[in-house]
file query.pdb (PDB, C-alpha atoms)
ATOM      1  CA  MET N   1      61.696 128.132 140.481  1.00  0.00           C
ATOM      2  CA  ARG N   2      63.455 128.401 137.117  1.00  0.00           C
ATOM      3  CA  ALA N   3      64.788 131.837 138.113  1.00  0.00           C
ATOM      4  CA  LEU N   4      66.245 130.246 141.259  1.00  0.00           C
ATOM      5  CA  VAL N   5      67.991 127.596 139.114  1.00  0.00           C
ATOM      6  CA  SER N   6      69.654 130.351 137.078  1.00  0.00           C
ATOM      7  CA  ALA N   7      70.594 132.315 140.198  1.00  0.00           C
ATOM      8  CA  GLU N   8      72.120 129.183 141.750  1.00  0.00           C
ATOM      9  CA  LEU N   9      74.360 128.680 138.708  1.00  0.00           C
ATOM     10  CA  ASP N  10      75.604 132.259 139.122  1.00  0.00           C
ATOM     11  CA  GLY N  11      76.170 131.755 142.885  1.00  0.00           C
ATOM     12  CA  GLU N  12      73.563 134.339 143.867  1.00  0.00           C
ATOM     13  CA  LEU N  13      71.324 132.238 146.154  1.00  0.00           C
ATOM     14  CA  SER N  14      71.281 132.489 149.927  1.00  0.00           C
ATOM     15  CA  ASP N  15      71.416 129.324 152.031  1.00  0.00           C
ATOM     16  CA  PHE N  16      67.670 129.485 152.645  1.00  0.00           C
ATOM     17  CA  GLU N  17      66.854 129.879 148.925  1.00  0.00           C
ATOM     18  CA  SER N  18      69.264 127.087 148.053  1.00  0.00           C
ATOM     19  CA  THR N  19      67.538 124.789 150.573  1.00  0.00           C
ATOM     20  CA  LEU N  20      64.104 125.682 149.125  1.00  0.00           C
ATOM     21  CA  LEU N  21      65.314 124.977 145.599  1.00  0.00           C
ATOM     22  CA  GLY N  22      66.840 121.628 146.607  1.00  0.00           C
ATOM     23  CA  ALA N  23      63.600 120.555 148.306  1.00  0.00           C
ATOM     24  CA  HIS N  24      61.549 121.526 145.261  1.00  0.00           C
ATOM     25  CA  LEU N  25      63.872 119.809 142.774  1.00  0.00           C
ATOM     26  CA  GLY N  26      63.662 116.617 144.846  1.00  0.00           C
ATOM     27  CA  GLY N  27      59.902 116.384 144.236  1.00  0.00           C
ATOM     28  CA  CYS N  28      59.403 117.995 140.789  1.00  0.00           C
ATOM     29  CA  ASP N  29      60.571 116.024 137.758  1.00  0.00           C
ATOM     30  CA  SER N  30      60.105 118.833 135.192  1.00  0.00           C
ATOM     31  CA  CYS N  31      62.139 121.335 137.248  1.00  0.00           C
ATOM     32  CA  SER N  32      64.816 118.676 137.847  1.00  0.00           C
ATOM     33  CA  ALA N  33      65.066 118.070 134.085  1.00  0.00           C
ATOM     34  CA  PHE N  34      65.276 121.839 133.492  1.00  0.00           C
ATOM     35  CA  ASN N  35      68.031 122.097 136.129  1.00  0.00           C
ATOM     36  CA  ARG N  36      70.041 119.303 134.446  1.00  0.00           C
ATOM     37  CA  ASP N  37      69.683 120.879 130.973  1.00  0.00           C
ATOM     38  CA  VAL N  38      70.645 124.348 132.164  1.00  0.00           C
ATOM     39  CA  ARG N  39      73.656 123.021 134.096  1.00  0.00           C
ATOM     40  CA  ARG N  40      74.877 121.026 131.067  1.00  0.00           C
ATOM     41  CA  PHE N  41      74.407 123.958 128.673  1.00  0.00           C
ATOM     42  CA  THR N  42      76.056 126.433 131.046  1.00  0.00           C
ATOM     43  CA  GLY N  43      78.986 124.061 131.618  1.00  0.00           C
ATOM     44  CA  GLU N  44      79.540 123.714 127.857  1.00  0.00           C
ATOM     45  CA  LEU N  45      79.441 127.498 127.352  1.00  0.00           C
ATOM     46  CA  ARG N  46      81.877 128.164 130.172  1.00  0.00           C
ATOM     47  CA  SER N  47      84.334 125.486 129.008  1.00  0.00           C
ATOM     48  CA  GLU N  48      84.724 126.949 125.503  1.00  0.00           C
ATOM     49  CA  PRO N  49      87.563 129.431 124.898  1.00  0.00           C
ATOM     50  CA  LEU N  50      86.657 133.051 124.335  1.00  0.00           C
ATOM     51  CA  ASP N  51      86.641 134.269 120.737  1.00  0.00           C
ATOM     52  CA  LEU N  52      88.429 137.506 120.026  1.00  0.00           C
ATOM     53  CA  MET N  53      86.446 140.012 117.992  1.00  0.00           C
ATOM     54  CA  ASP N  54      87.841 141.751 114.900  1.00  0.00           C
ATOM     55  CA  HIS N  55      86.348 145.059 115.991  1.00  0.00           C
ATOM     56  CA  PRO N  56      84.885 146.201 119.298  1.00  0.00           C
ATOM     57  CA  ILE N  57      81.140 146.205 119.827  1.00  0.00           C
ATOM     58  CA  VAL N  58      79.850 149.596 120.917  1.00  0.00           C
ATOM     59  CA  VAL N  59      76.382 149.891 122.352  1.00  0.00           C
ATOM     60  CA  GLN N  60      74.892 153.326 121.838  1.00  0.00           C
ATOM     61  CA  PRO N  61      73.009 154.619 124.868  1.00  0.00           C
ATOM     62  CA  ARG N  62      69.368 155.405 124.356  1.00  0.00           C
ATOM     63  CA  ARG N  63      68.591 158.990 123.588  1.00  0.00           C
ATOM     64  CA  ARG N  64      65.895 159.854 126.051  1.00  0.00           C
ATOM     65  CA  ARG N  65      66.066 163.546 125.288  1.00  0.00           C
ATOM     66  CA  ALA N  66      64.079 163.082 122.098  1.00  0.00           C
ATOM     67  CA  ALA N  67      61.318 161.313 123.993  1.00  0.00           C
ATOM     68  CA  LEU N  68      61.225 163.969 126.711  1.00  0.00           C
ATOM     69  CA  GLN N  69      61.395 166.865 124.245  1.00  0.00           C
ATOM     70  CA  ALA N  70      57.629 166.674 123.671  1.00  0.00           C
ATOM     71  CA  PHE N  71      56.981 167.236 127.387  1.00  0.00           C
ATOM     72  CA  ARG N  72      59.439 170.098 127.862  1.00  0.00           C
ATOM     73  CA  MET N  73      57.259 173.015 126.664  1.00  0.00           C
ATOM     74  CA  PRO N  74      54.077 171.950 128.521  1.00  0.00           C
ATOM     75  CA  ALA N  75      56.139 171.413 131.667  1.00  0.00           C
ATOM     76  CA  VAL N  76      57.687 174.881 131.409  1.00  0.00           C
ATOM     77  CA  ALA N  77      54.246 176.417 130.792  1.00  0.00           C
ATOM     78  CA  ALA N  78      52.770 174.600 133.806  1.00  0.00           C
ATOM     79  CA  LEU N  79      55.665 175.756 135.946  1.00  0.00           C
ATOM     80  CA  ALA N  80      55.178 179.363 134.818  1.00  0.00           C
ATOM     81  CA  VAL N  81      51.440 179.247 135.555  1.00  0.00           C
ATOM     82  CA  SER N  82      52.138 177.761 138.985  1.00  0.00           C
ATOM     83  CA  ALA N  83      54.689 180.473 139.773  1.00  0.00           C
ATOM     84  CA  ILE N  84      52.262 183.207 138.732  1.00  0.00           C
ATOM     85  CA  ALA N  85      49.450 181.642 140.778  1.00  0.00           C
ATOM     86  CA  LEU N  86      51.640 181.366 143.877  1.00  0.00           C
ATOM     87  CA  GLY N  87      52.872 184.936 143.433  1.00  0.00           C
ATOM     88  CA  THR N  88      49.319 186.209 143.105  1.00  0.00           C
ATOM     89  CA  LEU N  89      48.237 184.249 146.177  1.00  0.00           C
ATOM     90  CA  PHE N  90      51.162 185.599 148.183  1.00  0.00           C
ATOM     91  CA  GLU N  91      50.432 189.181 147.074  1.00  0.00           C
ATOM     92  CA  THR N  92      46.731 188.793 147.908  1.00  0.00           C
ATOM     93  CA  LEU N  93      47.470 187.483 151.387  1.00  0.00           C
ATOM     94  CA  HIS N  94      50.087 190.173 151.920  1.00  0.00           C
ATOM     95  CA  SER N  95      47.784 192.974 150.743  1.00  0.00           C
ATOM     96  CA  ARG N  96      45.006 191.910 153.161  1.00  0.00           C
ATOM     97  CA  ASN N  97      47.283 192.828 156.053  1.00  0.00           C
ATOM     98  CA  ALA N  98      47.795 196.264 154.528  1.00  0.00           C
ATOM     99  CA  VAL N  99      44.019 196.810 154.267  1.00  0.00           C
ATOM    100  CA  THR N 100      43.356 195.836 157.879  1.00  0.00           C
ATOM    101  CA  GLN N 101      45.965 198.325 159.074  1.00  0.00           C
ATOM    102  CA  PRO N 102      45.130 201.592 157.260  1.00  0.00           C
ATOM    103  CA  SER N 103      47.850 204.137 156.890  1.00  0.00           C
ATOM    104  CA  PHE N 104      45.548 207.071 156.033  1.00  0.00           C
ATOM    105  CA  ALA N 105      44.193 209.799 158.321  1.00  0.00           C
ATOM    106  CA  PRO N 106      40.661 209.543 159.747  1.00  0.00           C
ATOM    107  CA  PRO N 107      37.974 211.558 157.921  1.00  0.00           C
ATOM    108  CA  SER N 108      37.518 215.176 158.919  1.00  0.00           C
ATOM    109  CA  ALA N 109      34.381 216.588 160.593  1.00  0.00           C
ATOM    110  CA  ARG N 110      33.525 218.340 157.321  1.00  0.00           C
ATOM    111  CA  ASP N 111      33.602 215.002 155.408  1.00  0.00           C
ATOM    112  CA  LEU N 112      31.459 213.306 158.058  1.00  0.00           C
ATOM    113  CA  ALA N 113      28.865 216.114 157.939  1.00  0.00           C
ATOM    114  CA  ARG N 114      28.730 215.937 154.134  1.00  0.00           C
ATOM    115  CA  ASP N 115      28.232 212.148 154.255  1.00  0.00           C
ATOM    116  CA  ALA N 116      25.503 212.494 156.914  1.00  0.00           C
ATOM    117  CA  ARG N 117      23.626 215.021 154.715  1.00  0.00           C
ATOM    118  CA  ALA N 118      23.906 212.718 151.707  1.00  0.00           C
ATOM    119  CA  ILE N 119      22.523 209.787 153.689  1.00  0.00           C
ATOM    120  CA  GLN N 120      19.648 211.892 155.037  1.00  0.00           C
ATOM    121  CA  ASN N 121      18.781 213.107 151.497  1.00  0.00           C
ATOM    122  CA  TRP N 122      18.783 209.531 150.243  1.00  0.00           C
ATOM    123  CA  LYS N 123      16.462 208.396 153.066  1.00  0.00           C
ATOM    124  CA  THR N 124      14.067 211.280 152.351  1.00  0.00           C
ATOM    125  CA  ARG N 125      13.947 210.562 148.615  1.00  0.00           C
ATOM    126  CA  THR N 126      13.398 206.836 149.256  1.00  0.00           C
ATOM    127  CA  ALA N 127      10.571 207.494 151.728  1.00  0.00           C
ATOM    128  CA  LEU N 128       8.870 209.922 149.303  1.00  0.00           C
ATOM    129  CA  ALA N 129       9.122 207.489 146.421  1.00  0.00           C
ATOM    130  CA  GLN N 130       7.643 204.704 148.516  1.00  0.00           C
ATOM    131  CA  THR N 131       4.781 206.939 149.660  1.00  0.00           C
ATOM    132  CA  ARG N 132       3.972 207.822 146.048  1.00  0.00           C
ATOM    133  CA  ARG N 133       3.958 204.150 145.066  1.00  0.00           C
ATOM    134  CA  VAL N 134       1.656 203.159 147.937  1.00  0.00           C
ATOM    135  CA  SER N 135      -0.796 206.006 147.332  1.00  0.00           C
ATOM    136  CA  SER N 136      -1.009 205.359 143.591  1.00  0.00           C
ATOM    137  CA  ARG N 137      -1.885 201.666 144.013  1.00  0.00           C
ATOM    138  CA  PRO N 138      -5.483 200.554 143.897  1.00  0.00           C
ATOM    139  CA  ALA N 139      -6.874 199.090 147.082  1.00  0.00           C
ATOM    140  CA  PRO N 140      -6.325 195.359 147.315  1.00  0.00           C
ATOM    141  CA  PHE N 141      -9.346 193.141 146.654  1.00  0.00           C
ATOM    142  CA  THR N 142     -10.588 191.502 149.840  1.00  0.00           C
ATOM    143  CA  PRO N 143     -13.329 188.939 149.318  1.00  0.00           C
ATOM    144  CA  ASN N 144     -16.168 188.811 151.776  1.00  0.00           C
ATOM    145  CA  PHE N 145     -15.386 185.309 152.926  1.00  0.00           C
ATOM    146  CA  THR N 146     -14.885 183.881 156.382  1.00  0.00           C
ATOM    147  CA  PRO N 147     -13.329 180.435 156.530  1.00  0.00           C
ATOM    148  CA  SER N 148     -15.178 177.846 158.545  1.00  0.00           C
ATOM    149  CA  LEU N 149     -13.508 175.498 160.931  1.00  0.00           C
ATOM    150  CA  HIS N 150     -15.820 172.645 159.884  1.00  0.00           C
ATOM    151  CA  PRO N 151     -15.511 171.149 156.403  1.00  0.00           C
ATOM    152  CA  LEU N 152     -18.541 171.020 154.169  1.00  0.00           C
ATOM    153  CA  PRO N 153     -20.418 167.687 154.101  1.00  0.00           C
ATOM    154  CA  LEU N 154     -20.237 165.749 150.872  1.00  0.00           C
TER
END

call {"tool": "encode", "arguments": {"input": "query.pdb", "output": "structure tokens"}}
result
Amino acid sequence: MRALVSAELDGELSDFESTLLGAHLGGCDSCSAFNRDVRRFTGELRSEPLDLMDHPIVVQPRRRRAALQAFRMPAVAALAVSAIALGTLFETLHSRNAVTQPSFAPPSARDLARDARAIQNWKTRTALAQTRRVSSRPAPFTPNFTPSLHPLPL
């Protein structure tokens, strides 16, 4: 309510706010006393003549650049990393389209025959190696035990 008292003295209250303030001041003694004191003090200040200054008062603006200087290098580095990441992502997505649409000629019959022979040789070597491993293993131990469907009595 004290902020409304100050705003009323400056003529900044709407009709609704002025009505609210008047209703509150009618029932609150401490706010009414504050209103009287502020009005008296403001009236005295406004009635006094203005004093002329010997020299002008200059207010220097705050230098925010010094405060932001510490964040400049990390911000530039983060921006550079982001640009590189986006460029890499774009290039990766773009290069996938190039892979799905090959621009090279299909393999010749000679290349296919060579690959087929290589695959057949690999299969033969793998089968021989597996046969050697199986034949060199000892026979697995099989106990002479037949499980019963009925548990043993205790």

call {"tool": "atom_distance", "arguments": {"input": "query.pdb", "atom1": "CA of Leu25 (chain N)", "atom2": "CA of Glu48 (chain N)"}}
result
28.0 Å

call {"tool": "atom_distance", "arguments": {"input": "query.pdb", "atom1": "CA of Leu20 (chain N)", "atom2": "CA of Gly43 (chain N)"}}
result
23.0 Å

call {"tool": "resolve_selection", "arguments": {"input": "query.pdb", "expression": "the PyMOL selection byres ((chain N and resi 3) around 12)", "output": "list of chain:residue names"}}
result
N:Met1, N:Arg2, N:Leu4, N:Val5, N:Ser6, N:Ala7, N:Glu8, N:Leu9, N:Asp10, N:Glu12, N:Leu13, N:Glu17, N:Ser18, N:Leu21, N:Cys31, N:Phe34, N:Asn35, N:Val38
